[in-house]
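S.K.: Have a look at the structure that comes next, please.
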Protein chains: 4
Amino acid sequence: MNKRQISALETKQKLVESAILLLKEKGFEAINVEDITKKANVAKGTFYSYFKRKEDIVNEISRSPFRELENKLKSMKGVNFIERISYYFKQFMILVENFNINICREWLKDAINPNSTPDNKDGKKWFYDIETLENILFDAIKNGELKKETPVDLFSNLLISELYGMMLSWCMSDGAFEPLEWTEKFCKTQLDKIFEPYIIKGS
Amino acid sequence: MNKRQISALETKQKLVESAILLLKEKGFEAINVEDITKKANVAKGTFYSYFKRKEDIVNEISRSPFRELENKLKSMKGVNFIERISYYFKQFMILVENFNINICREWLKDAINPNSTPDNKDGKKWFYDIETLENILFDAIKNGELKKETPVDLFSNLLISELYGMMLSWCMSDGAFEPLEWTEKFCKTQLDKIFEPYIIKGS
Amino acid sequence: MNKRQISALETKQKLVESAILLLKEKGFEAINVEDITKKANVAKGTFYSYFKRKEDIVNEISRSPFRELENKLKSMKGVNFIERISYYFKQFMILVENFNINICREWLKDAINPNSTPDNKDGKKWFYDIETLENILFDAIKNGELKKETPVDLFSNLLISELYGMMLSWCMSDGAFEPLEWTEKFCKTQLDKIFEPYIIKGS
Amino acid sequence: MNKRQISALETKQKLVESAILLLKEKGFEAINVEDITKKANVAKGTFYSYFKRKEDIVNEISRSPFRELENKLKSMKGVNFIERISYYFKQFMILVENFNINICREWLKDAINPNSTPDNKDGKKWFYDIETLENILFDAIKNGELKKETPVDLFSNLLISELYGMMLSWCMSDGAFEPLEWTEKFCKTQLDKIFEPYIIKGS
DNA sequence: GATGAATGAGCATTCATTCAT
DNA sequence: AATGAATGAATGCTCATTCAT
């Protein structure tokens, strides 16, 4: 990477960081592109060198930390699937808590909205969240932990609904509890019960 | 009520009905005040004789049908609280399904948002939903069905989270399942388990 | 018409007049909606109470004086068609000269552009110009001045091309000659020759 | 020419060719500098090594093929001027048709516009077109084909108006006829009549 | 000569809300 | 109560052009 590419990366980083700060403070609707660029000390147009649309920066912000998590999960292929899901859920909630409630609200709004325009398909964070879970379950089937007839699709949706439901409660209560705690409790007490009929014993 | 008052009520009703139709079809963001007044065959300004802000009409729409439900529940004071809750949940979901998914999305967005403007305190539909549940539980304590130490607040929140979580799943799946069915199942299989430790046997 | 309607009409008139002044001075591309509203002493949004799009005001400006001309022509149904066309051409060019060269440039640009979007069909001034000529020719056929087999369509297009060609020359020369003069000469010396084969003698 | 100069020429050529393709497809307004450079596989900035402004490339495109035609005409000094003009008109229209209607529209728009920016004096394609015709007529006077008092200026303008009028009709009809055909007909039937009073018989 | 990151002016349009009638 | 004309803030996005490397 030459100097210019580094400097470009830095500019993008500045934009992302400014956007995170503003997003945490005010939420997506309440800020405009100029707010972001001003905070990043670049010109308005520069924003559009890095993001095609205003909303794209939220995707960037929302996705990249979770991509790391996805990678980490991939490296855990040998691990028992209940543990992997528990790990995912906990890490997910740690990220949620770190990101702060306003960004969480954006994710929820995005999830609530009807499926976006065709050229914006990769907007939905939760599509990727479901994918991550599906992968864990498929691995579990391959590894002989779960029966082949396990309804992967159904379970992925169910668990994601659980996650997002928890986020919804969090936002509704305006951050009154620790979602991480609830999540840990849920994982410990519910996860195995949910999968029970499909678990291959003695594996 | 004199003629003028009746005619005013009719105008308001026309506005509400027009708004429901449009809301079902397009959602709140996609319609404007003029759309509503045009459909209701009144002038734009007339809207502001009945609603202080555009969003107030959504509150009106969201609240009035549930008020009936609240009244009905009040008349069921003698009934077993599990049945009352079940009844509430089912009727709630019937209303949700009738209102259609777009209005449901508005309720969720409203629930997600941080407490609205100071002069709009009565906006949040779900505040009232919680209240309704709290009342049922308090009655149950009075009636000797539930122990005095029952954490009413916690349970109300929990159950409302369940309801709203179901609505969220419904919207995320873009209406792929019947929330009413799920609700009935939930009531039948879960409700008594949840309250079990606080139920006074033999009551 | 009540007071409010009159005042509304006045506002529209102010907008039109301001637009004409600016158009004459700078041309359409060089002015923006705010220029127009400022000159008319109204708010920017007021423009959109009267015109759906910025370009619509040009249509209004371009069409209304020609509508008068069309009406006048309708009242000349008994008159010999060569005279009617001559009259039309001359009046047309008088309007062109009065309007000034910059507005003329807009008409030409509009004519050059490929057929506009479907919801903008009535934009093209020259569609109406052709129609006017067609009507004159159809009348001439009805009146027995022209043979039934006269290719109305072809002639209308031809004559309009002549008119617009003249306007083009005028703009290219930056107003170096009097289009009205040329037009009169053209009408006197060419018109009858063009129609000669289709004229019913002795009519 | 050294390697560098050759490579530079090639780059320019790539830019011109890309621009022609895009212009044909979409027209000047609908494309931007980046479209051109991307198609030419060079960086955006490179464009400005060869053209001072975006519009300059249209001049380049418009002028160079006609320069060849001018040269060819110069080599025809001995030929009868009616034939030379006919030849010019036909070749002109062949180029017009080849270039396609969108580029033709640009020429017209350019011709319509008032004299461009001061530092863009050489922009107007039609200035050169008139010059070409003037040269033919001056040659004809020198050759004793036309009288000395022939109003060269007037005729040049007249004929160019004819050419551009034809182009205008073509664009207005959205390419509904063959301008070349019309031109040939015009040359055959009209040219000699137009010059008749100034032709020196027996030449 | 080539690059491509950065610039920042420029603008149409929407729409909730007000208020004089 | 009803009207509807007027308001004006608010904003995403494009793109020709520059210039440091």
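In the structure tokens, chains take letters A, B, ... by order of appearance, with residues numbered from 1 within each chain and ligands from 1 in the order shown.
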Residues within 12 Å of region 16-29 of chain C, please, as a PyMOL selection string. Count only C-alpha atoms (C1' of nucleotides); anything in the same chain fewer than 2 positions from it doesn't count.
M.R.: (chain C and resi 9-14+31-42+47+50-51+54-62+64+96-107+109-110) or (chain D and resi 112-114) or (chain E and resi 11)
S.K.: After a least-squares superposition of chain A onto chain B, with every Cα atom paired in order, give the RMSD to one decimal place.
M.R.: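 Least-squares fit of chain A onto chain B, C-alpha RMSD 0.4 Å.
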S.K.: Please determine the contact residues of chain C with respect to chain D at a cut-off of 8 Å, counting only C-alpha atoms, and supply them as a PyMOL selection string.
M.R.: chain C and resi 105+108-109+111-115+161-162+164-166+168-169+171-172+174
S.K.: List every residue of chain F that has an atom at most 10 Å from any atom of chain D, giving for each one its closest atom pair and the distance in Å to one decimal, counting only C-alpha atoms (C1' of nucleotides), sorted by chain and then by ascending residue number, as a tab-separated table.
M.R.:
```
residue	atom	partner	partner_atom	distance
F:DT14	C1'	D:Asn32	CA	9.7
F:DC15	C1'	D:Asn32	CA	7.2
F:DA16	C1'	D:Lys54	CA	7.4
F:DT17	C1'	D:Arg53	CA	8.5
F:DT18	C1'	D:Gly45	CA	9.0
F:DC19	C1'	D:Gly45	CA	9.8
```
S.K.: For the atom pair CA of Ile194 (chain A) and CA of Tyr128 (chain A), what is the interatomic distance in Å to one decimal place?
M.R.: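 So the answer is 21.9 Å.
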S.K.: One decimal, Å: what's the distance from CA of Thr183 (chain D) over to CA of Ile94 (chain D), could you say?
M.R.: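 Going from CA of Thr183 (chain D) over to CA of Ile94 (chain D), I get 10.0 Å.
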